[in-house]
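Asker: Here it is, the structure in full.
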Amino acid sequence: MRKRLFLSFLAIILLTLLLSILSVNFVFQKHFSDYLARSTEVTLEQLPERLSSSFFSHGCWNSDSLSNIAHSLPFGTHIVIKEPSGETIMTLINPMESMLKNDPGLWMDMGLNYTIEEWKNKTLMISGPNGVFAIAEVRYPARAKVLTPADQSFISAIYQSLFLAGALALIIGIILSYWISRRLTSPLQGLTKAVQRVGEGFLDEQVPVATKDEVGQLATAFNGMAENLKKQERLRKQFTADIAHELRTPLTSIRSYIEAFQDGVLPATKENLAIINEEIERLTRLSSDLKDLNVAEMGALCPYLTQVNLSALIDKTVNMLSPLIQEKGISLAWGKPESIFIEGDEYLLTRLFYNLLHNAYKFTESAGKIEVQMELRHQDVLITISDSGIGIPEGDLPFIFERFYRSEKSRSRETGGTGIGLALAQQIAHLHQGTLTVESCPGKGSQFMLILPLIIQEKPTPV
Ligand code: ADP
């Protein structure tokens, strides 16, 4: 690409140079030839006056004085001075021109290679105090192509400097195009190397962002992508480690109970078997949560959309959990509103509210308070589930919707959580084109806010 850019720049420079030289040449030729034509006309206009004063100052036609006049004649001008009767007195021609014409070699050397295609004629009256005493018949080139050696050297000086300026512009252009093409392509080369490294699995790769242009935007996008890949890789590792941990803990507990039963250390009482059963339930819940979450994240969870009476659905979930809540000594406030219908999947929405409410119950101490509110707005419904529980530390807030994330893990362990409930809840909210957010104050409580649209605009399709 660098080579192509360089060659394109070079081609543009050469073309521009060529066009400027051609246009300068054209304009110059035109003006110079106009100037020559004008100066020939001026010389010829002054000629009768000069010939007359030459004649009268000497009293006859003096050859020295006439030779002076001839020297000032433009090349190609031929003057025949005649008596009024028509008898030729003499012929005037620029002596330099006649000298050069006699030496064709020198003529060619000086670049005076021209042919005159068209002539102009003029008859000038030379008069004195007693009227016309001579006639000058002038023949000169119609187009002022003919140049004196002085004109010629002036023109070649102009062309020389034009050529020099062109050469200089070309050299500067080559250096600049090389520099610009290098500057444009070197960040891309850096990016290519970085992409290759990321492809090889080195996800720490970042490229410097030196500009704000398209290349800079590409570099920023690449850095974002590499950062995201790194995060995904970290999450994947964390996920595997978490799964292993989540499986190992209940399994170890079950095994140690069974070993204790076998060794006769512990009796297989109802209570002890209930503990094993709890651990097995935990494993079953984990596997079902994981399956649902995975399906939801893959986008394959296709909600079965119907008109759901949301207030009735929440009421049912509240009733499902209220014995547990009451047993723990927590007060529950739920002012069931009039029926509010939304478009949604009844089973998934029940899962969502169950998870949120169950969390509120789990993380609220006895004598605490849980409040569920529902507000019908213009195009959506806002459901708020607040508790006066342990709250969530500020540092944990951005992560609690991630799979397996549990703040203060040891305490959560006592509550029997898997760290999947909120991740699943958020996936369900997204499937319904809603949002789930949280505000919390450690030690004071948490507030989960769920906004669900009344009508789902773009229906999700199974993948
Ligand atoms: P878990 O199965 O551990 O409850 P969740 O995904 O439902 O998993 O919740 C993730 C973490 O978020 C919990 O472990 C807990 O630390 C925190 N959390 C969720 N809800 C609340 C709440 N109402 N009060 C305090 N902490 C909460």
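We name chains A, B, ... following the order of the structure tokens; residues begin at 1 in each chain, and ligands are numbered from 1 as shown.
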Residues within 6 Å of ligand 1, counting only C-alpha atoms and all ligand atoms: report them as an MDAnalysis selection string.

Answerer: chainID A and resid 359:360 363 389:392 400 405:407 412 417:423 446

Asker: Those same residues, written as a short mmCIF file (atom, residue, chain, number, x, y, z; two decimals), in the first residue's frame with N, CA and C atoms?

Answerer:
```
data_model
loop_
_atom_site.label_atom_id
_atom_site.label_comp_id
_atom_site.auth_asym_id
_atom_site.auth_seq_id
_atom_site.Cartn_x
_atom_site.Cartn_y
_atom_site.Cartn_z
N ASN A 359 -33.93 -13.06 46.58
CA ASN A 359 -32.70 -12.38 47.00
C ASN A 359 -33.01 -11.41 48.15
N ALA A 360 -34.11 -10.64 47.98
CA ALA A 360 -34.48 -9.67 49.02
C ALA A 360 -34.70 -10.42 50.34
N PHE A 363 -31.17 -11.76 51.70
CA PHE A 363 -30.19 -10.79 52.19
C PHE A 363 -30.79 -9.78 53.18
N GLY A 389 -32.12 -4.84 53.69
CA GLY A 389 -31.13 -5.87 54.00
C GLY A 389 -29.70 -5.37 54.11
N ILE A 390 -28.79 -6.28 53.84
CA ILE A 390 -27.36 -5.98 54.07
C ILE A 390 -26.78 -5.02 53.04
N GLY A 391 -27.48 -4.87 51.91
CA GLY A 391 -26.98 -3.96 50.88
C GLY A 391 -25.82 -4.56 50.10
N ILE A 392 -25.41 -3.84 49.07
CA ILE A 392 -24.31 -4.34 48.21
C ILE A 392 -23.20 -3.30 48.20
N ILE A 400 -22.65 -7.41 39.83
CA ILE A 400 -23.59 -8.39 40.39
C ILE A 400 -24.49 -9.05 39.34
N TYR A 405 -21.26 -14.12 40.12
CA TYR A 405 -20.71 -13.07 40.97
C TYR A 405 -21.51 -12.98 42.26
N ARG A 406 -20.83 -13.05 43.37
CA ARG A 406 -21.51 -12.91 44.67
C ARG A 406 -20.65 -12.02 45.54
N SER A 407 -21.25 -10.99 46.11
CA SER A 407 -20.44 -10.14 46.98
C SER A 407 -20.30 -10.85 48.33
N SER A 412 -22.57 -15.25 51.30
CA SER A 412 -23.51 -15.71 50.29
C SER A 412 -23.62 -17.22 50.32
N GLY A 417 -26.64 -19.29 47.71
CA GLY A 417 -26.76 -18.74 46.35
C GLY A 417 -25.75 -19.35 45.39
N THR A 418 -26.05 -19.21 44.10
CA THR A 418 -25.12 -19.71 43.09
C THR A 418 -24.50 -18.58 42.28
N GLY A 419 -25.03 -17.38 42.46
CA GLY A 419 -24.50 -16.23 41.70
C GLY A 419 -25.02 -16.19 40.27
N ILE A 420 -26.11 -16.88 40.01
CA ILE A 420 -26.65 -16.93 38.65
C ILE A 420 -27.99 -16.20 38.57
N GLY A 421 -28.67 -16.11 39.72
CA GLY A 421 -30.04 -15.56 39.76
C GLY A 421 -30.15 -14.21 39.06
N LEU A 422 -29.26 -13.26 39.37
CA LEU A 422 -29.39 -11.91 38.79
C LEU A 422 -29.01 -11.90 37.31
N ALA A 423 -27.99 -12.73 36.95
CA ALA A 423 -27.60 -12.80 35.53
C ALA A 423 -28.79 -13.28 34.71
N SER A 446 -31.22 -2.53 49.59
CA SER A 446 -31.05 -2.44 48.13
C SER A 446 -32.39 -2.19 47.48
#
```

Asker: List the spatial neighbours of Leu162 in chain A as a PDB file with N, CA, C and O atoms, in the first residue's frame - criterion: any atom at most 10 Å away, only C-alpha atoms, same-chain residues fewer than 3 positions off excluded.

Answerer:
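File written: result_4.pdb
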```pdb
ATOM      1  N   SER A  20       1.592  22.896 -14.871  1.00  0.00           N
ATOM      2  CA  SER A  20       1.999  24.269 -14.544  1.00  0.00           C
ATOM      3  C   SER A  20       3.048  24.760 -15.527  1.00  0.00           C
ATOM      4  O   SER A  20       2.974  25.911 -15.977  1.00  0.00           O
ATOM      5  N   ILE A  21       3.995  23.871 -15.914  1.00  0.00           N
ATOM      6  CA  ILE A  21       5.024  24.317 -16.857  1.00  0.00           C
ATOM      7  C   ILE A  21       4.374  24.665 -18.197  1.00  0.00           C
ATOM      8  O   ILE A  21       4.664  25.701 -18.793  1.00  0.00           O
ATOM      9  N   VAL A  24       2.435  27.958 -17.784  1.00  0.00           N
ATOM     10  CA  VAL A  24       3.356  29.106 -17.684  1.00  0.00           C
ATOM     11  C   VAL A  24       3.944  29.394 -19.063  1.00  0.00           C
ATOM     12  O   VAL A  24       4.018  30.540 -19.510  1.00  0.00           O
ATOM     13  N   ASN A  25       4.330  28.326 -19.753  1.00  0.00           N
ATOM     14  CA  ASN A  25       4.932  28.467 -21.069  1.00  0.00           C
ATOM     15  C   ASN A  25       3.963  29.152 -22.039  1.00  0.00           C
ATOM     16  O   ASN A  25       4.319  30.099 -22.739  1.00  0.00           O
ATOM     17  N   SER A 156      15.642  31.943 -22.681  1.00  0.00           N
ATOM     18  CA  SER A 156      16.263  30.713 -22.152  1.00  0.00           C
ATOM     19  C   SER A 156      16.539  30.839 -20.657  1.00  0.00           C
ATOM     20  O   SER A 156      16.451  29.844 -19.931  1.00  0.00           O
ATOM     21  N   ALA A 157      16.828  32.074 -20.180  1.00  0.00           N
ATOM     22  CA  ALA A 157      17.006  32.255 -18.721  1.00  0.00           C
ATOM     23  C   ALA A 157      15.707  31.923 -17.997  1.00  0.00           C
ATOM     24  O   ALA A 157      15.701  31.258 -16.949  1.00  0.00           O
ATOM     25  N   ILE A 158      14.590  32.388 -18.585  1.00  0.00           N
ATOM     26  CA  ILE A 158      13.281  32.100 -17.967  1.00  0.00           C
ATOM     27  C   ILE A 158      13.053  30.587 -17.912  1.00  0.00           C
ATOM     28  O   ILE A 158      12.678  30.030 -16.885  1.00  0.00           O
ATOM     29  N   TYR A 159      13.323  29.920 -19.074  1.00  0.00           N
ATOM     30  CA  TYR A 159      13.080  28.469 -19.114  1.00  0.00           C
ATOM     31  C   TYR A 159      13.994  27.712 -18.154  1.00  0.00           C
ATOM     32  O   TYR A 159      13.600  26.743 -17.545  1.00  0.00           O
ATOM     33  N   ALA A 165      13.103  25.318 -10.989  1.00  0.00           N
ATOM     34  CA  ALA A 165      12.023  25.311  -9.990  1.00  0.00           C
ATOM     35  C   ALA A 165      11.262  23.999 -10.065  1.00  0.00           C
ATOM     36  O   ALA A 165      10.915  23.402  -9.046  1.00  0.00           O
ATOM     37  N   GLY A 166      11.037  23.510 -11.308  1.00  0.00           N
ATOM     38  CA  GLY A 166      10.330  22.237 -11.496  1.00  0.00           C
ATOM     39  C   GLY A 166      11.089  21.091 -10.864  1.00  0.00           C
ATOM     40  O   GLY A 166      10.521  20.261 -10.159  1.00  0.00           O
ATOM     41  N   ALA A 167      12.418  21.069 -11.113  1.00  0.00           N
ATOM     42  CA  ALA A 167      13.245  19.974 -10.582  1.00  0.00           C
ATOM     43  C   ALA A 167      13.218  20.002  -9.058  1.00  0.00           C
ATOM     44  O   ALA A 167      13.096  18.966  -8.389  1.00  0.00           O
ATOM     45  N   LEU A 168      13.309  21.250  -8.515  1.00  0.00           N
ATOM     46  CA  LEU A 168      13.298  21.397  -7.056  1.00  0.00           C
ATOM     47  C   LEU A 168      11.958  20.923  -6.478  1.00  0.00           C
ATOM     48  O   LEU A 168      11.917  20.176  -5.493  1.00  0.00           O
TER      49      LEU A 168
END
```

Asker: DSSP on the backbone, then: every residue of range 47-246 of chain A marked strand (DSSP E or B), written as a ChimeraX atom specification.

Answerer: /A:78-82,88-93,119-128,131-141

Asker: Just give me the gap between CA of Pro208 in chain A and CA of Ser181 in chain A in Å, one decimal is fine.

Answerer: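 For CA of Pro208 in chain A relative to CA of Ser181 in chain A, the distance reads 18.6 Å.
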
Asker: Go ahead and compute the interatomic distance for CA of Glu41 in chain A and CA of Phe26 in chain A, in Å to one decimal.

Answerer: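 Between CA of Glu41 in chain A and CA of Phe26 in chain A the gap works out to 22.7 Å.
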
Asker: Rounded to one decimal place, report the CA of Asn228 in chain A-CA of Glu200 in chain A distance in Å.

Answerer: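 CA of Glu200 in chain A lies at a distance of 16.0 Å from CA of Asn228 in chain A.
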
Asker: Given the choices A:Leu92, A:Val438, A:Leu352, A:Ala142, which gets closest to Ala37 in chain A if the distance is worked out from only C-alpha atoms?

Answerer: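 Once distances to Ala37 in chain A are computed over only C-alpha atoms, the minimum belongs to A:Ala142.
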
Asker: Please extract the residues of range 113-195 of chain A with a backbone DSSP assignment of helix (DSSP H, G or I) and present them as a short mmCIF file (atom, residue, chain, number, x, y, z; two decimals) with N, CA and C atoms, in the first residue's frame.

Answerer:
```cif
data_model
loop_
_atom_site.label_atom_id
_atom_site.label_comp_id
_atom_site.auth_asym_id
_atom_site.auth_seq_id
_atom_site.Cartn_x
_atom_site.Cartn_y
_atom_site.Cartn_z
N PRO A 149 19.10 38.00 -30.31
CA PRO A 149 19.84 37.14 -29.37
C PRO A 149 19.55 37.54 -27.92
N ALA A 150 19.35 38.86 -27.67
CA ALA A 150 19.07 39.29 -26.29
C ALA A 150 17.74 38.73 -25.82
N ASP A 151 16.74 38.80 -26.73
CA ASP A 151 15.43 38.23 -26.37
C ASP A 151 15.55 36.73 -26.12
N GLN A 152 16.34 36.13 -27.05
CA GLN A 152 16.50 34.68 -26.96
C GLN A 152 17.12 34.27 -25.63
N SER A 153 18.17 35.00 -25.20
CA SER A 153 18.83 34.62 -23.95
C SER A 153 17.91 34.91 -22.75
N PHE A 154 17.06 35.96 -22.89
CA PHE A 154 16.09 36.23 -21.82
C PHE A 154 15.13 35.04 -21.67
N ILE A 155 14.66 34.57 -22.85
CA ILE A 155 13.72 33.45 -22.81
C ILE A 155 14.39 32.21 -22.23
N SER A 156 15.64 31.94 -22.68
CA SER A 156 16.26 30.71 -22.15
C SER A 156 16.54 30.84 -20.66
N ALA A 157 16.83 32.07 -20.18
CA ALA A 157 17.01 32.26 -18.72
C ALA A 157 15.71 31.92 -18.00
N ILE A 158 14.59 32.39 -18.58
CA ILE A 158 13.28 32.10 -17.97
C ILE A 158 13.05 30.59 -17.91
N TYR A 159 13.32 29.92 -19.07
CA TYR A 159 13.08 28.47 -19.11
C TYR A 159 13.99 27.71 -18.15
N GLN A 160 15.21 28.24 -18.06
CA GLN A 160 16.16 27.58 -17.14
C GLN A 160 15.65 27.63 -15.70
N SER A 161 15.18 28.83 -15.31
CA SER A 161 14.72 28.93 -13.92
C SER A 161 13.43 28.14 -13.72
N LEU A 162 12.60 28.08 -14.80
CA LEU A 162 11.38 27.27 -14.72
C LEU A 162 11.75 25.81 -14.52
N PHE A 163 12.76 25.36 -15.26
CA PHE A 163 13.20 23.98 -15.18
C PHE A 163 13.76 23.68 -13.79
N LEU A 164 14.57 24.65 -13.30
CA LEU A 164 15.17 24.47 -11.96
C LEU A 164 14.11 24.38 -10.88
N ALA A 165 13.10 25.32 -10.99
CA ALA A 165 12.02 25.31 -9.99
C ALA A 165 11.26 24.00 -10.07
N GLY A 166 11.04 23.51 -11.31
CA GLY A 166 10.33 22.24 -11.50
C GLY A 166 11.09 21.09 -10.86
N ALA A 167 12.42 21.07 -11.11
CA ALA A 167 13.24 19.97 -10.58
C ALA A 167 13.22 20.00 -9.06
N LEU A 168 13.31 21.25 -8.52
CA LEU A 168 13.30 21.40 -7.06
C LEU A 168 11.96 20.92 -6.48
N ALA A 169 10.87 21.34 -7.16
CA ALA A 169 9.53 20.93 -6.71
C ALA A 169 9.40 19.41 -6.76
N LEU A 170 10.01 18.81 -7.81
CA LEU A 170 9.93 17.35 -7.96
C LEU A 170 10.66 16.65 -6.81
N ILE A 171 11.87 17.16 -6.50
CA ILE A 171 12.65 16.53 -5.43
C ILE A 171 11.90 16.66 -4.10
N ILE A 172 11.41 17.90 -3.83
CA ILE A 172 10.67 18.10 -2.56
C ILE A 172 9.43 17.21 -2.55
N GLY A 173 8.75 17.13 -3.73
CA GLY A 173 7.55 16.29 -3.84
C GLY A 173 7.85 14.84 -3.55
N ILE A 174 8.98 14.33 -4.08
CA ILE A 174 9.34 12.92 -3.85
C ILE A 174 9.58 12.69 -2.37
N ILE A 175 10.34 13.62 -1.75
CA ILE A 175 10.63 13.45 -0.31
C ILE A 175 9.32 13.48 0.49
N LEU A 176 8.46 14.49 0.15
CA LEU A 176 7.19 14.61 0.89
C LEU A 176 6.30 13.40 0.70
N SER A 177 6.22 12.91 -0.57
CA SER A 177 5.32 11.76 -0.79
C SER A 177 5.84 10.54 -0.05
N TYR A 178 7.16 10.40 -0.01
CA TYR A 178 7.72 9.25 0.71
C TYR A 178 7.35 9.36 2.20
N TRP A 179 7.53 10.59 2.72
CA TRP A 179 7.28 10.82 4.15
C TRP A 179 5.81 10.61 4.49
N ILE A 180 4.92 11.20 3.62
CA ILE A 180 3.47 11.10 3.91
C ILE A 180 3.02 9.64 3.81
N SER A 181 3.48 8.93 2.75
CA SER A 181 3.02 7.55 2.59
C SER A 181 3.52 6.69 3.75
N ARG A 182 4.73 7.01 4.22
CA ARG A 182 5.27 6.26 5.37
C ARG A 182 4.44 6.54 6.62
N ARG A 183 4.14 7.84 6.81
CA ARG A 183 3.38 8.26 7.99
C ARG A 183 1.98 7.65 8.00
N LEU A 184 1.38 7.56 6.79
CA LEU A 184 0.02 7.02 6.71
C LEU A 184 0.00 5.52 6.93
N THR A 185 1.03 4.84 6.43
CA THR A 185 0.96 3.38 6.46
C THR A 185 1.60 2.75 7.69
N SER A 186 2.53 3.48 8.33
CA SER A 186 3.21 2.81 9.46
C SER A 186 2.25 2.46 10.62
N PRO A 187 1.23 3.32 10.96
CA PRO A 187 0.30 2.86 12.01
C PRO A 187 -0.46 1.60 11.57
N LEU A 188 -0.74 1.51 10.25
CA LEU A 188 -1.48 0.34 9.77
C LEU A 188 -0.61 -0.92 9.89
N GLN A 189 0.70 -0.73 9.63
CA GLN A 189 1.60 -1.89 9.79
C GLN A 189 1.62 -2.35 11.24
N GLY A 190 1.66 -1.32 12.15
CA GLY A 190 1.64 -1.63 13.59
C GLY A 190 0.37 -2.39 13.95
N LEU A 191 -0.75 -1.90 13.36
CA LEU A 191 -2.05 -2.54 13.64
C LEU A 191 -2.07 -3.98 13.12
N THR A 192 -1.52 -4.18 11.92
CA THR A 192 -1.51 -5.53 11.34
C THR A 192 -0.74 -6.48 12.26
N LYS A 193 0.42 -6.00 12.75
CA LYS A 193 1.22 -6.85 13.64
C LYS A 193 0.42 -7.17 14.91
N ALA A 194 -0.26 -6.11 15.44
CA ALA A 194 -1.02 -6.31 16.68
C ALA A 194 -2.16 -7.30 16.46
N VAL A 195 -2.84 -7.20 15.29
CA VAL A 195 -3.94 -8.12 14.99
C VAL A 195 -3.40 -9.56 14.93
#
```

Asker: Can you tell me, as a list in words, what residues are no more than 9 Å from Glu49 in chain A when counting only C-alpha atoms, ignoring any on the same chain fewer than 4 positions away?

Answerer: Glu45, Ser53, Ser54, Ile126 and Ser127 of chain A

Asker: I'd like the contact shell of range 66-83 of chain A - 7 Å cut-off, only C-alpha atoms, skipping same-chain residues fewer than 6 positions apart - returned as a ChimeraX atom specification.

Answerer: /A:40,89-95,97,133-141,146-148

Asker: Using only C-alpha atoms, which residues sit within 12 Å of Asn277 in chain A once same-chain residues fewer than 3 positions away are excluded, as a PyMOL selection string?

Answerer: chain A and resi 250-251+253-254+257-258+270-274+280-284

Asker: Could you save those same residues with all heavy atoms as a short mmCIF file (atom, residue, chain, number, x, y, z; two decimals), in the first residue's frame?

Answerer:
```
data_model
loop_
_atom_site.label_atom_id
_atom_site.label_comp_id
_atom_site.auth_asym_id
_atom_site.auth_seq_id
_atom_site.Cartn_x
_atom_site.Cartn_y
_atom_site.Cartn_z
N PRO A 250 -20.58 -28.97 47.08
CA PRO A 250 -21.65 -29.88 47.54
C PRO A 250 -21.26 -31.34 47.42
O PRO A 250 -21.59 -32.15 48.29
CB PRO A 250 -22.83 -29.57 46.63
CG PRO A 250 -22.33 -28.71 45.55
CD PRO A 250 -21.01 -28.16 45.94
N LEU A 251 -20.51 -31.68 46.37
CA LEU A 251 -20.12 -33.09 46.20
C LEU A 251 -19.23 -33.56 47.35
O LEU A 251 -19.39 -34.66 47.88
CB LEU A 251 -19.40 -33.29 44.85
CG LEU A 251 -20.33 -33.29 43.62
CD1 LEU A 251 -19.51 -33.35 42.34
CD2 LEU A 251 -21.30 -34.46 43.68
N SER A 253 -19.20 -32.31 50.33
CA SER A 253 -20.03 -32.39 51.51
C SER A 253 -20.82 -33.71 51.52
O SER A 253 -20.85 -34.43 52.51
CB SER A 253 -20.96 -31.17 51.53
OG SER A 253 -21.99 -31.39 52.41
N ILE A 254 -21.42 -34.04 50.34
CA ILE A 254 -22.21 -35.28 50.24
C ILE A 254 -21.31 -36.49 50.53
O ILE A 254 -21.65 -37.39 51.31
CB ILE A 254 -22.87 -35.41 48.84
CG1 ILE A 254 -23.92 -34.31 48.66
CG2 ILE A 254 -23.48 -36.79 48.63
CD1 ILE A 254 -24.44 -34.16 47.24
N TYR A 257 -20.43 -36.89 54.18
CA TYR A 257 -21.56 -37.42 54.96
C TYR A 257 -21.69 -38.93 54.75
O TYR A 257 -21.84 -39.70 55.69
CB TYR A 257 -22.87 -36.72 54.57
CG TYR A 257 -23.14 -35.52 55.44
CD1 TYR A 257 -22.82 -34.23 55.01
CD2 TYR A 257 -23.71 -35.67 56.71
CE1 TYR A 257 -23.06 -33.12 55.82
CE2 TYR A 257 -23.95 -34.57 57.51
CZ TYR A 257 -23.63 -33.30 57.07
OH TYR A 257 -23.86 -32.23 57.87
N ILE A 258 -21.61 -39.35 53.44
CA ILE A 258 -21.79 -40.77 53.14
C ILE A 258 -20.67 -41.59 53.78
O ILE A 258 -20.90 -42.65 54.38
CB ILE A 258 -21.88 -41.00 51.62
CG1 ILE A 258 -23.22 -40.42 51.14
CG2 ILE A 258 -21.80 -42.49 51.26
CD1 ILE A 258 -23.46 -40.46 49.67
N LYS A 270 -32.75 -38.57 60.00
CA LYS A 270 -33.58 -37.76 59.10
C LYS A 270 -32.91 -36.40 58.83
O LYS A 270 -32.85 -35.93 57.69
CB LYS A 270 -34.93 -37.54 59.78
CG LYS A 270 -36.08 -37.48 58.82
CD LYS A 270 -37.36 -37.41 59.62
CE LYS A 270 -38.51 -37.00 58.75
NZ LYS A 270 -39.70 -36.70 59.50
N GLU A 271 -32.35 -35.81 59.92
CA GLU A 271 -31.73 -34.48 59.79
C GLU A 271 -30.51 -34.53 58.88
O GLU A 271 -30.32 -33.68 58.00
CB GLU A 271 -31.31 -33.94 61.17
CG GLU A 271 -32.42 -33.55 62.10
CD GLU A 271 -33.09 -34.76 62.75
OE1 GLU A 271 -32.37 -35.76 63.00
OE2 GLU A 271 -34.32 -34.72 62.97
N ASN A 272 -29.66 -35.61 59.15
CA ASN A 272 -28.44 -35.72 58.35
C ASN A 272 -28.77 -35.99 56.88
O ASN A 272 -28.12 -35.44 55.97
CB ASN A 272 -27.53 -36.83 58.88
CG ASN A 272 -26.89 -36.42 60.20
OD1 ASN A 272 -26.78 -35.22 60.47
ND2 ASN A 272 -26.51 -37.39 61.01
N LEU A 273 -29.79 -36.81 56.65
CA LEU A 273 -30.18 -37.09 55.25
C LEU A 273 -30.76 -35.82 54.60
O LEU A 273 -30.58 -35.57 53.41
CB LEU A 273 -31.21 -38.22 55.20
CG LEU A 273 -30.62 -39.61 55.45
CD1 LEU A 273 -31.71 -40.65 55.60
CD2 LEU A 273 -29.67 -40.02 54.33
N ALA A 274 -31.42 -35.00 55.44
CA ALA A 274 -31.98 -33.75 54.91
C ALA A 274 -30.87 -32.82 54.43
O ALA A 274 -31.00 -32.12 53.41
CB ALA A 274 -32.82 -33.07 55.99
N ILE A 280 -27.97 -31.87 47.34
CA ILE A 280 -28.36 -32.40 46.02
C ILE A 280 -29.30 -31.41 45.32
O ILE A 280 -29.18 -31.14 44.13
CB ILE A 280 -29.03 -33.80 46.16
CG1 ILE A 280 -27.97 -34.82 46.60
CG2 ILE A 280 -29.67 -34.25 44.84
CD1 ILE A 280 -28.51 -36.18 46.97
N GLU A 281 -30.20 -30.81 46.12
CA GLU A 281 -31.11 -29.80 45.55
C GLU A 281 -30.33 -28.61 45.00
O GLU A 281 -30.65 -28.05 43.96
CB GLU A 281 -32.07 -29.32 46.63
CG GLU A 281 -33.43 -29.96 46.48
CD GLU A 281 -34.37 -29.52 47.57
OE1 GLU A 281 -34.21 -28.41 48.10
OE2 GLU A 281 -35.25 -30.33 47.92
N ARG A 282 -29.33 -28.27 45.74
CA ARG A 282 -28.45 -27.15 45.34
C ARG A 282 -27.79 -27.45 43.99
O ARG A 282 -27.75 -26.58 43.10
CB ARG A 282 -27.38 -27.02 46.42
CG ARG A 282 -26.63 -25.75 46.43
CD ARG A 282 -25.69 -25.81 47.64
NE ARG A 282 -24.45 -25.16 47.32
CZ ARG A 282 -24.35 -23.85 47.22
NH1 ARG A 282 -25.39 -23.10 47.48
NH2 ARG A 282 -23.20 -23.29 46.90
N LEU A 283 -27.33 -28.68 43.85
CA LEU A 283 -26.70 -29.08 42.58
C LEU A 283 -27.74 -29.06 41.44
O LEU A 283 -27.44 -28.60 40.34
CB LEU A 283 -26.12 -30.49 42.70
CG LEU A 283 -24.76 -30.60 43.39
CD1 LEU A 283 -24.38 -32.06 43.58
CD2 LEU A 283 -23.68 -29.89 42.57
N THR A 284 -28.94 -29.54 41.75
CA THR A 284 -29.99 -29.57 40.72
C THR A 284 -30.34 -28.14 40.30
O THR A 284 -30.47 -27.84 39.11
CB THR A 284 -31.27 -30.25 41.29
OG1 THR A 284 -30.86 -31.40 42.03
CG2 THR A 284 -32.24 -30.64 40.20
#
```
